[in-house]
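Notes for the one structure printed next.
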Amino acid sequence: MAEILAAGEALERALALLQGGDIVAIPTETVYGLAGDATNGIGVARIFEAKGRPRFNPLIAHVAGMDMAERIAVFDPLSRRLAQAFWPGPLTLVLPQRPGNGIHPLVTAGLDTIALRMPRGFGGGLIAKLGRPLAAPSANSSGRISATTAQAVAADLGARIKLVVDGGATPVGLESTIVKAEGEKLRLLRPGGIAAEEIEAAVGMGLLRGDAAGVEAPGMLASHYAPDAAVRLNAKTVGEGEALLAFGGQRAEGWRHAAAFRNLSASGDLREAASNLFAYMQELDRSGARTIAVETIPFDGLGEAINDRLSRAAAPRDNTQPTT
Ligand code: AMP
Ligand code: MG
């Protein structure tokens with residue numbers, strides 16, 4: 001069972017876990033977050049595993065200061081103004097990623113944008129001490145409501161995580177508001193802890209509502225990275241000119257002739273496979289192969305989310321339709 005430590009005495013233990021690639025439930029002003037080092041793929045995979053999420057939707061990366069935020073993302077003037085007005089606080093900004101920022105692709109599900117927020121309280125201090133951003137969705141099993149007390153986190157996830165940091169009941173109790181700049185306009189992607197009217201007052205204009213055509217519905221992004229190459233699942237053989245995305249110790253027939261080759265996890269570890277998925281898909285795609293053949297990947301644990309992502313990549317290409 002997870003240890004529950006009061007925020008005042010949990011910093012060192014939380015740091016040690018995060019530095020070791022493990023995950024920790026922490027209080028923020030919105031709801032409790034399930035946090036992992038956003039630069040560590042195994043840590044991020046553990047977040048999805050502990051939540052039992054059936055798909056890899058992009059997570060919010062949490063920063064300790066504007067300098068860290070600017071190293072990760074490219075701010076337009078409007079977004080910078082919002083950060084100055086509302087950070088630290090329950091506002092998340094979706095921004096273009098700065099290349100080479102070290103953020104693991106599993107955090108953003110392979111997107112070239114990133115959702116960023118600067119939290120108040122324990123999380124802010126922890127991130128500053130760690131010196132790296134934390135990826136943190138709400139600390140609840142997939143499909144359950146967000147936890148606003150350490151006890152609720154422990155009751156739900158206690159068997160799957162080592163530490164819950166107890167900061168008392170979260171003051172806001174709602175997830176963050178998510179906003180994205182689109183040219184000179186701002187779009188509200190998710191209502192949350194800061195009222196849209198407050199944001200509108202701060203910038204002196206109305207927010208666009210709803211999803212623009214072809215733009216992601218939060219959590220089920222149709223604009224997710226899709227490879228240029230065709231994707232063929234459950235491959236037992238490798239055809240002429242095909243790249244191979246392998247898993248485990250048994251190879252598809254003809255694998256030595258593959259145009260390019262990556263193994264998600266030679267030892268068959270689904271956590272390792274999840275952490276390699278987006279980078280390897282992109283690398284095989286860049287090889288110029290016409291098709292990426294993918295070996296069979298089991299459906300247990302993180303395998304469900306891996307198979308979900310791969311089947312989206314293999315589906316007919318019509319990125320104007322949100323996927324469900
Ligand atoms: P959670 O961390 O569970 O509060 O969920 C994060 C929310 O942010 C989800 O609804 C995501 O779809 C959304 N999100 C994260 N990154 C992006 C992004 N790059 N673009 C659009 N939405 C995002
Ligand atoms: Mg949630």
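Labels used: A, B, ... for chains in the order of the structure tokens, numbers from 1 for residues in each chain, and numbers from 1 for ligands as shown.
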
Nearby polymer residues, ligand 2, at most 9 Å, only C-alpha atoms and all ligand atoms, as an MDAnalysis selection string: chainID A and resid 31 33 137:147 175

Residues within 6 Å of range 199-213 of chain A, only C-alpha atoms, excluding chain neighbours under 2 positions, as a list in words: Leu186, Arg187, Leu188, Ala196, Glu197 and Val215 of chain A

Suppose we keep N, CA, C and O atoms; can you now write the selection as an mmCIF file, in the first residue's frame?
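The result, written out as selection22.cif:
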```cif
data_model
loop_
_atom_site.group_PDB
_atom_site.id
_atom_site.type_symbol
_atom_site.label_atom_id
_atom_site.label_comp_id
_atom_site.auth_asym_id
_atom_site.auth_seq_id
_atom_site.Cartn_x
_atom_site.Cartn_y
_atom_site.Cartn_z
ATOM 1 N N LEU A 186 -7.805 33.200 -29.042
ATOM 2 C CA LEU A 186 -7.590 32.149 -28.051
ATOM 3 C C LEU A 186 -8.767 31.194 -28.087
ATOM 4 O O LEU A 186 -9.923 31.623 -28.149
ATOM 5 N N ARG A 187 -8.467 29.890 -28.041
ATOM 6 C CA ARG A 187 -9.539 28.902 -28.022
ATOM 7 C C ARG A 187 -9.571 28.208 -26.663
ATOM 8 O O ARG A 187 -8.537 27.803 -26.141
ATOM 9 N N LEU A 188 -10.772 28.066 -26.134
ATOM 10 C CA LEU A 188 -10.977 27.324 -24.890
ATOM 11 C C LEU A 188 -11.094 25.847 -25.246
ATOM 12 O O LEU A 188 -12.069 25.423 -25.871
ATOM 13 N N ALA A 196 -13.811 31.117 -17.861
ATOM 14 C CA ALA A 196 -13.506 31.695 -19.168
ATOM 15 C C ALA A 196 -13.620 33.217 -19.119
ATOM 16 O O ALA A 196 -12.814 33.931 -19.730
ATOM 17 N N GLU A 197 -14.590 33.724 -18.349
ATOM 18 C CA GLU A 197 -14.788 35.176 -18.262
ATOM 19 C C GLU A 197 -13.563 35.885 -17.681
ATOM 20 O O GLU A 197 -13.234 36.996 -18.075
ATOM 21 N N VAL A 215 -9.414 20.011 -35.432
ATOM 22 C CA VAL A 215 -8.615 20.179 -34.221
ATOM 23 C C VAL A 215 -9.078 19.166 -33.182
ATOM 24 O O VAL A 215 -10.240 18.788 -33.125
#
```

Residue list (strand (DSSP E), DSSP) for range 19-161 of chain A, as a ChimeraX atom specification: /A:24-26,33-37,60-62,91-96,113-117,134-135

Compute the set of protein, DNA and RNA residues whose minimum atom distance to ligand 1 is at most 10 Å, using only C-alpha atoms and all ligand atoms, and state it as a compact mmCIF listing (two decimals) with N, CA, C and O atoms, in the first residue's frame.
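Final output, saved to result_34.txt:
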```
# COMPACT_ATOMS: atom_id res chain seq x y z
N THR A 30 -5.59 22.23 -8.11
CA THR A 30 -6.77 21.78 -8.86
C THR A 30 -7.31 20.48 -8.28
O THR A 30 -8.33 20.47 -7.59
N VAL A 31 -6.62 19.37 -8.58
CA VAL A 31 -6.96 18.06 -8.01
C VAL A 31 -5.62 17.38 -7.74
O VAL A 31 -4.57 17.92 -8.10
N GLY A 33 -2.54 15.11 -8.45
CA GLY A 33 -1.92 14.69 -9.71
C GLY A 33 -1.08 13.45 -9.51
O GLY A 33 -0.53 13.23 -8.43
N LEU A 34 -1.01 12.62 -10.55
CA LEU A 34 -0.13 11.45 -10.52
C LEU A 34 1.08 11.82 -11.36
O LEU A 34 1.01 11.85 -12.59
N ALA A 35 2.20 12.12 -10.66
CA ALA A 35 3.31 12.79 -11.31
C ALA A 35 4.48 11.87 -11.60
O ALA A 35 4.83 11.00 -10.80
N PHE A 56 -3.17 6.45 -24.99
CA PHE A 56 -2.16 7.44 -24.63
C PHE A 56 -2.64 8.82 -25.04
O PHE A 56 -2.36 9.27 -26.13
N ASN A 57 -3.40 9.48 -24.20
CA ASN A 57 -3.72 10.87 -24.52
C ASN A 57 -2.63 11.76 -23.91
O ASN A 57 -1.99 11.37 -22.95
N PRO A 58 -2.41 12.93 -24.50
CA PRO A 58 -1.30 13.74 -24.02
C PRO A 58 -1.56 14.27 -22.61
O PRO A 58 -2.68 14.53 -22.23
N LEU A 59 -0.48 14.38 -21.85
CA LEU A 59 -0.56 14.81 -20.45
C LEU A 59 -0.12 16.26 -20.33
O LEU A 59 0.59 16.77 -21.18
N ILE A 60 -0.50 16.88 -19.25
CA ILE A 60 -0.04 18.23 -18.97
C ILE A 60 1.33 18.15 -18.29
O ILE A 60 1.52 17.37 -17.36
N ALA A 61 2.27 18.95 -18.81
CA ALA A 61 3.59 19.05 -18.16
C ALA A 61 3.57 20.24 -17.22
O ALA A 61 3.11 21.33 -17.58
N HIS A 62 4.05 20.02 -16.01
CA HIS A 62 4.01 21.05 -14.97
C HIS A 62 5.41 21.62 -14.75
O HIS A 62 6.38 20.87 -14.64
N THR A 92 -3.92 25.98 -18.05
CA THR A 92 -2.99 25.22 -18.89
C THR A 92 -2.96 25.85 -20.28
O THR A 92 -4.02 26.15 -20.85
N LEU A 93 -1.75 26.06 -20.81
CA LEU A 93 -1.58 26.64 -22.14
C LEU A 93 -1.05 25.57 -23.08
O LEU A 93 -0.08 24.87 -22.75
N VAL A 94 -1.67 25.42 -24.24
CA VAL A 94 -1.14 24.52 -25.27
C VAL A 94 -0.28 25.35 -26.22
O VAL A 94 -0.74 26.35 -26.77
N LEU A 95 0.98 24.94 -26.36
CA LEU A 95 1.99 25.74 -27.07
C LEU A 95 2.83 24.85 -27.98
O LEU A 95 2.96 23.65 -27.71
N PRO A 96 3.48 25.44 -28.99
CA PRO A 96 4.42 24.64 -29.80
C PRO A 96 5.61 24.24 -28.94
O PRO A 96 6.09 25.03 -28.13
N GLN A 97 6.08 23.02 -29.12
CA GLN A 97 7.25 22.57 -28.37
C GLN A 97 8.52 23.21 -28.93
O GLN A 97 8.63 23.43 -30.14
N VAL A 107 4.70 11.89 -23.29
CA VAL A 107 3.97 12.96 -22.59
C VAL A 107 2.99 13.63 -23.55
O VAL A 107 1.85 13.94 -23.18
N THR A 108 3.43 13.87 -24.78
CA THR A 108 2.63 14.63 -25.73
C THR A 108 1.98 13.70 -26.76
O THR A 108 1.38 14.19 -27.72
N ALA A 109 2.11 12.40 -26.58
CA ALA A 109 1.58 11.42 -27.54
C ALA A 109 2.08 11.73 -28.95
O ALA A 109 1.36 11.58 -29.92
N GLY A 110 3.33 12.17 -29.03
CA GLY A 110 3.94 12.38 -30.33
C GLY A 110 3.55 13.69 -31.00
O GLY A 110 3.99 13.95 -32.12
N LEU A 111 2.76 14.53 -30.33
CA LEU A 111 2.37 15.82 -30.93
C LEU A 111 3.54 16.80 -30.89
O LEU A 111 4.46 16.64 -30.09
N ASP A 112 3.48 17.83 -31.74
CA ASP A 112 4.53 18.84 -31.66
C ASP A 112 4.11 20.03 -30.81
O ASP A 112 4.82 21.02 -30.69
N THR A 113 2.94 19.92 -30.18
CA THR A 113 2.53 20.91 -29.18
C THR A 113 2.59 20.26 -27.80
O THR A 113 2.63 19.04 -27.67
N ILE A 114 2.59 21.12 -26.77
CA ILE A 114 2.61 20.61 -25.40
C ILE A 114 1.69 21.45 -24.53
O ILE A 114 1.58 22.67 -24.72
N ALA A 115 1.02 20.77 -23.61
CA ALA A 115 0.17 21.47 -22.63
C ALA A 115 1.01 21.75 -21.39
O ALA A 115 1.57 20.83 -20.80
N LEU A 116 1.10 23.02 -21.00
CA LEU A 116 1.97 23.43 -19.88
C LEU A 116 1.18 24.17 -18.81
O LEU A 116 0.28 24.95 -19.12
N ALA A 135 5.17 15.42 -15.61
CA ALA A 135 3.92 15.10 -16.30
C ALA A 135 2.95 14.61 -15.24
O ALA A 135 3.31 13.80 -14.40
N ALA A 136 1.72 15.13 -15.25
CA ALA A 136 0.80 14.73 -14.19
C ALA A 136 -0.66 14.88 -14.62
O ALA A 136 -1.19 15.99 -14.64
N PRO A 137 -1.31 13.76 -14.95
CA PRO A 137 -2.78 13.78 -15.08
C PRO A 137 -3.39 13.63 -13.70
O PRO A 137 -2.66 13.51 -12.70
N SER A 138 -4.69 13.64 -13.62
CA SER A 138 -5.33 13.49 -12.32
C SER A 138 -5.05 12.10 -11.74
O SER A 138 -4.95 11.11 -12.46
N ALA A 139 -4.91 12.06 -10.41
CA ALA A 139 -4.50 10.84 -9.72
C ALA A 139 -5.71 9.96 -9.42
O ALA A 139 -6.16 9.85 -8.28
N ASN A 140 -6.27 9.38 -10.47
CA ASN A 140 -7.41 8.47 -10.32
C ASN A 140 -7.33 7.41 -11.41
O ASN A 140 -6.73 7.65 -12.45
N SER A 142 -8.47 5.36 -14.55
CA SER A 142 -9.17 5.78 -15.74
C SER A 142 -10.68 5.57 -15.57
O SER A 142 -11.12 4.53 -15.10
N SER A 146 -11.90 12.60 -10.49
CA SER A 146 -10.62 13.08 -9.97
C SER A 146 -10.64 13.10 -8.45
O SER A 146 -11.66 13.38 -7.84
N LEU A 174 -11.29 21.36 -9.18
CA LEU A 174 -11.63 21.15 -10.60
C LEU A 174 -10.33 21.10 -11.38
O LEU A 174 -9.36 21.74 -11.00
N GLU A 175 -10.32 20.42 -12.52
CA GLU A 175 -9.14 20.42 -13.37
C GLU A 175 -8.87 21.83 -13.91
O GLU A 175 -9.74 22.70 -13.87
N SER A 176 -7.68 21.99 -14.48
CA SER A 176 -7.31 23.31 -15.00
C SER A 176 -8.08 23.64 -16.28
O SER A 176 -8.55 22.75 -16.99
N THR A 177 -8.23 24.91 -16.52
CA THR A 177 -8.78 25.40 -17.78
C THR A 177 -7.68 25.30 -18.84
O THR A 177 -6.54 25.67 -18.58
N ILE A 178 -8.02 24.76 -20.01
CA ILE A 178 -7.00 24.62 -21.08
C ILE A 178 -7.32 25.58 -22.23
O ILE A 178 -8.44 25.59 -22.74
N VAL A 179 -6.31 26.36 -22.60
CA VAL A 179 -6.46 27.38 -23.63
C VAL A 179 -5.33 27.25 -24.64
O VAL A 179 -4.22 26.88 -24.28
N LYS A 180 -5.64 27.54 -25.89
CA LYS A 180 -4.61 27.48 -26.93
C LYS A 180 -4.71 28.72 -27.81
O LYS A 180 -5.81 29.08 -28.25
N LEU A 189 -10.10 25.04 -24.86
CA LEU A 189 -10.13 23.61 -25.19
C LEU A 189 -10.82 22.80 -24.10
O LEU A 189 -11.37 21.74 -24.37
N ARG A 190 -10.74 23.30 -22.85
CA ARG A 190 -11.43 22.62 -21.75
C ARG A 190 -11.74 23.64 -20.69
O ARG A 190 -10.85 24.33 -20.23
N GLY A 192 -12.45 24.85 -16.90
CA GLY A 192 -11.88 24.32 -15.66
C GLY A 192 -11.82 25.36 -14.57
O GLY A 192 -12.68 26.24 -14.50
N VAL A 215 -9.41 20.01 -35.43
CA VAL A 215 -8.62 20.18 -34.22
C VAL A 215 -9.08 19.17 -33.18
O VAL A 215 -10.24 18.79 -33.12
N GLU A 216 -8.15 18.77 -32.37
CA GLU A 216 -8.37 17.75 -31.37
C GLU A 216 -9.53 18.05 -30.42
O GLU A 216 -9.66 19.16 -29.94
N ALA A 217 -10.36 17.07 -30.18
CA ALA A 217 -11.17 17.08 -28.97
C ALA A 217 -10.23 16.62 -27.88
O ALA A 217 -9.58 15.60 -28.03
N PRO A 218 -10.10 17.38 -26.78
CA PRO A 218 -9.12 16.98 -25.77
C PRO A 218 -9.29 15.51 -25.39
O PRO A 218 -10.40 15.05 -25.18
N GLY A 219 -8.20 14.83 -25.34
CA GLY A 219 -8.24 13.43 -24.94
C GLY A 219 -8.40 12.46 -26.08
O GLY A 219 -8.11 11.29 -25.94
N MET A 220 -8.87 12.92 -27.20
CA MET A 220 -9.01 12.01 -28.34
C MET A 220 -8.63 12.74 -29.61
O MET A 220 -9.47 13.07 -30.43
N LEU A 221 -7.37 13.01 -29.73
CA LEU A 221 -6.90 13.90 -30.76
C LEU A 221 -6.86 13.20 -32.11
O LEU A 221 -6.09 12.29 -32.32
N SER A 223 -5.77 14.70 -34.59
CA SER A 223 -4.56 15.22 -35.22
C SER A 223 -3.30 14.57 -34.65
O SER A 223 -2.21 15.03 -34.89
N HIS A 224 -3.47 13.53 -33.87
CA HIS A 224 -2.33 12.76 -33.38
C HIS A 224 -1.39 12.44 -34.51
O HIS A 224 -1.81 12.20 -35.63
```

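Near Thr291 in chain A, within a cut-off of 12 Å and counting only C-alpha atoms, sit the residues Pro227, Asp228, Ala229, Ala230, Val231, Arg232, Leu233, Ala235, Val238, Gly239, Glu240, Gly241, Glu242, Ala243, Leu244, Leu245, Ala258, Ala259, Ala260, Phe261, Met281, Leu284, Asp285, Ala313 and Ala314 of chain A, with same-chain residues fewer than 6 positions away left out.
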
DSSP-assigned helix (DSSP H, G or I) among range 206-284 of chain A, expressed as a list in words: Trp255, Arg256, His257, Leu270, Arg271, Glu272, Ala273, Ala274, Ser275, Asn276, Leu277, Phe278, Ala279, Tyr280, Met281, Gln282, Glu283 and Leu284 of chain A

Closest of A:Gly173, A:Gly21, A:Pro133, A:Pro77 to Arg117 in chain A - atom-to-atom distances counting only C-alpha atoms: A:Pro133

Residue with smallest distance to Ala159 in chain A - pool A:Lys51, A:Arg120, A:Arg80, A:Arg290, counting only C-alpha atoms: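 Going through A:Lys51, A:Arg120, A:Arg80, A:Arg290 one by one, the smallest distance to Ala159 in chain A is for A:Lys51.
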
Proximity to Thr170 in chain A - best of A:Pro88, A:Gly20, A:Pro316, A:Pro27, only C-alpha atoms: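 Checking each candidate against Thr170 in chain A, we get A:Pro27 as the closest.
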
Top pick for closest residue to Ile127 in chain A, considering A:Gly52, A:Gly193, A:Gly65, A:Gly254 and counting only C-alpha atoms: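 The shortest atom-to-atom distance to Ile127 in chain A comes from A:Gly65.
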
Atomic separation - CA of Arg46 in chain A relative to CA of Val294 in chain A, Å: 23.0 Å

Residues near range 7-19 of chain A, cut-off 9 Å, only C-alpha atoms, skip fewer than 3 positions along chain, as a VMD selection string: chain A and resid 4 22 to 27 35 to 37 43 122 125 to 127 129 to 130 134 162 to 168

Top pick for closest residue to Lys236 in chain A, considering A:Ile297, A:Val172, A:Ala266, A:Ala289 and counting only C-alpha atoms: A:Ile297

Pick from A:Ile103, A:Glu304, A:Ile47, A:Arg81 nearest to Met68 in chain A, counting only C-alpha atoms: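 Nearest candidate to Met68 in chain A out of A:Ile103, A:Glu304, A:Ile47, A:Arg81: A:Ile103.
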
Test item: residues at most 9 Å from Asn307 in chain A, only C-alpha atoms, excluding those fewer than 6 positions along its chain, as a list in words: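 Contacts, with the query itself left out: Arg55, Thr296, Ile297, Pro298 and Phe299 of chain A.
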
Export, as a PDB file, in the first residue's frame, the selected residues with all heavy atoms.
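Once written, selection_16.pdb looks like this:
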```pdb
ATOM      1  N   ARG A  55      -5.778   4.418 -23.491  1.00  0.00           N
ATOM      2  CA  ARG A  55      -5.111   5.082 -24.618  1.00  0.00           C
ATOM      3  C   ARG A  55      -4.123   6.128 -24.102  1.00  0.00           C
ATOM      4  O   ARG A  55      -4.226   6.592 -22.978  1.00  0.00           O
ATOM      5  CB  ARG A  55      -6.131   5.724 -25.555  1.00  0.00           C
ATOM      6  CG  ARG A  55      -6.959   6.817 -24.933  1.00  0.00           C
ATOM      7  CD  ARG A  55      -7.714   7.565 -26.014  1.00  0.00           C
ATOM      8  NE  ARG A  55      -8.648   6.718 -26.714  1.00  0.00           N
ATOM      9  CZ  ARG A  55      -9.956   6.735 -26.518  1.00  0.00           C
ATOM     10  NH1 ARG A  55     -10.479   7.551 -25.620  1.00  0.00           N
ATOM     11  NH2 ARG A  55     -10.738   5.934 -27.197  1.00  0.00           N
ATOM     12  N   THR A 296       2.827  -8.643 -33.477  1.00  0.00           N
ATOM     13  CA  THR A 296       1.714  -8.708 -32.515  1.00  0.00           C
ATOM     14  C   THR A 296       2.186  -8.260 -31.131  1.00  0.00           C
ATOM     15  O   THR A 296       3.249  -8.656 -30.668  1.00  0.00           O
ATOM     16  CB  THR A 296       1.175 -10.148 -32.445  1.00  0.00           C
ATOM     17  OG1 THR A 296       0.706 -10.491 -33.751  1.00  0.00           O
ATOM     18  CG2 THR A 296       0.037 -10.254 -31.440  1.00  0.00           C
ATOM     19  N   ILE A 297       1.382  -7.417 -30.503  1.00  0.00           N
ATOM     20  CA  ILE A 297       1.691  -6.931 -29.158  1.00  0.00           C
ATOM     21  C   ILE A 297       0.538  -7.329 -28.240  1.00  0.00           C
ATOM     22  O   ILE A 297      -0.630  -7.117 -28.571  1.00  0.00           O
ATOM     23  CB  ILE A 297       1.883  -5.403 -29.189  1.00  0.00           C
ATOM     24  CG1 ILE A 297       3.163  -5.105 -29.997  1.00  0.00           C
ATOM     25  CG2 ILE A 297       1.977  -4.817 -27.791  1.00  0.00           C
ATOM     26  CD1 ILE A 297       3.298  -3.727 -30.466  1.00  0.00           C
ATOM     27  N   PRO A 298       0.855  -7.946 -27.106  1.00  0.00           N
ATOM     28  CA  PRO A 298      -0.212  -8.427 -26.223  1.00  0.00           C
ATOM     29  C   PRO A 298      -1.093  -7.271 -25.722  1.00  0.00           C
ATOM     30  O   PRO A 298      -0.669  -6.122 -25.696  1.00  0.00           O
ATOM     31  CB  PRO A 298       0.539  -9.079 -25.062  1.00  0.00           C
ATOM     32  CG  PRO A 298       1.957  -8.646 -25.187  1.00  0.00           C
ATOM     33  CD  PRO A 298       2.193  -8.240 -26.600  1.00  0.00           C
ATOM     34  N   PHE A 299      -2.292  -7.609 -25.318  1.00  0.00           N
ATOM     35  CA  PHE A 299      -3.271  -6.587 -24.929  1.00  0.00           C
ATOM     36  C   PHE A 299      -3.318  -6.332 -23.427  1.00  0.00           C
ATOM     37  O   PHE A 299      -4.066  -5.476 -22.970  1.00  0.00           O
ATOM     38  CB  PHE A 299      -4.675  -6.996 -25.417  1.00  0.00           C
ATOM     39  CG  PHE A 299      -5.007  -6.443 -26.772  1.00  0.00           C
ATOM     40  CD1 PHE A 299      -4.602  -7.109 -27.921  1.00  0.00           C
ATOM     41  CD2 PHE A 299      -5.688  -5.234 -26.904  1.00  0.00           C
ATOM     42  CE1 PHE A 299      -4.891  -6.592 -29.177  1.00  0.00           C
ATOM     43  CE2 PHE A 299      -5.977  -4.706 -28.156  1.00  0.00           C
ATOM     44  CZ  PHE A 299      -5.574  -5.390 -29.291  1.00  0.00           C
TER      45      PHE A 299
END
```

Spatial neighbours of Gly158 in chain A, max dist 6 Å, only C-alpha atoms, sep filter under 3 positions, as an mmCIF file with all heavy atoms, in the first residue's frame:
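Final file, around-v8.cif:
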```cif
data_model
loop_
_atom_site.group_PDB
_atom_site.id
_atom_site.type_symbol
_atom_site.label_atom_id
_atom_site.label_comp_id
_atom_site.auth_asym_id
_atom_site.auth_seq_id
_atom_site.Cartn_x
_atom_site.Cartn_y
_atom_site.Cartn_z
ATOM 1 N N MET A 1 0.832 -1.213 0.000
ATOM 2 C CA MET A 1 0.000 0.000 0.000
ATOM 3 C C MET A 1 0.865 1.260 0.000
ATOM 4 O O MET A 1 1.940 1.274 0.587
ATOM 5 C CB MET A 1 -0.896 0.026 1.247
ATOM 6 C CG MET A 1 -2.227 -0.672 1.073
ATOM 7 S SD MET A 1 -3.095 -0.266 -0.451
ATOM 8 C CE MET A 1 -4.082 1.134 0.064
ATOM 9 N N ALA A 2 0.364 2.280 -0.646
ATOM 10 C CA ALA A 2 1.111 3.534 -0.700
ATOM 11 C C ALA A 2 1.255 4.119 0.701
ATOM 12 O O ALA A 2 0.360 4.027 1.528
ATOM 13 C CB ALA A 2 0.377 4.527 -1.594
ATOM 14 N N ALA A 154 -5.392 7.351 -2.238
ATOM 15 C CA ALA A 154 -4.887 6.092 -1.674
ATOM 16 C C ALA A 154 -5.914 4.977 -1.829
ATOM 17 O O ALA A 154 -5.563 3.833 -2.129
ATOM 18 C CB ALA A 154 -4.516 6.287 -0.204
ATOM 19 N N ALA A 155 -7.199 5.302 -1.663
ATOM 20 C CA ALA A 155 -8.236 4.283 -1.781
ATOM 21 C C ALA A 155 -8.309 3.739 -3.210
ATOM 22 O O ALA A 155 -8.577 2.562 -3.429
ATOM 23 C CB ALA A 155 -9.592 4.866 -1.380
ATOM 24 N N ILE A 161 0.843 2.507 -6.371
ATOM 25 C CA ILE A 161 1.881 3.533 -6.246
ATOM 26 C C ILE A 161 2.491 3.478 -4.847
ATOM 27 O O ILE A 161 1.908 2.875 -3.940
ATOM 28 C CB ILE A 161 1.336 4.954 -6.550
ATOM 29 C CG1 ILE A 161 0.246 5.347 -5.547
ATOM 30 C CG2 ILE A 161 0.785 5.017 -7.975
ATOM 31 C CD1 ILE A 161 -0.291 6.757 -5.776
#
```
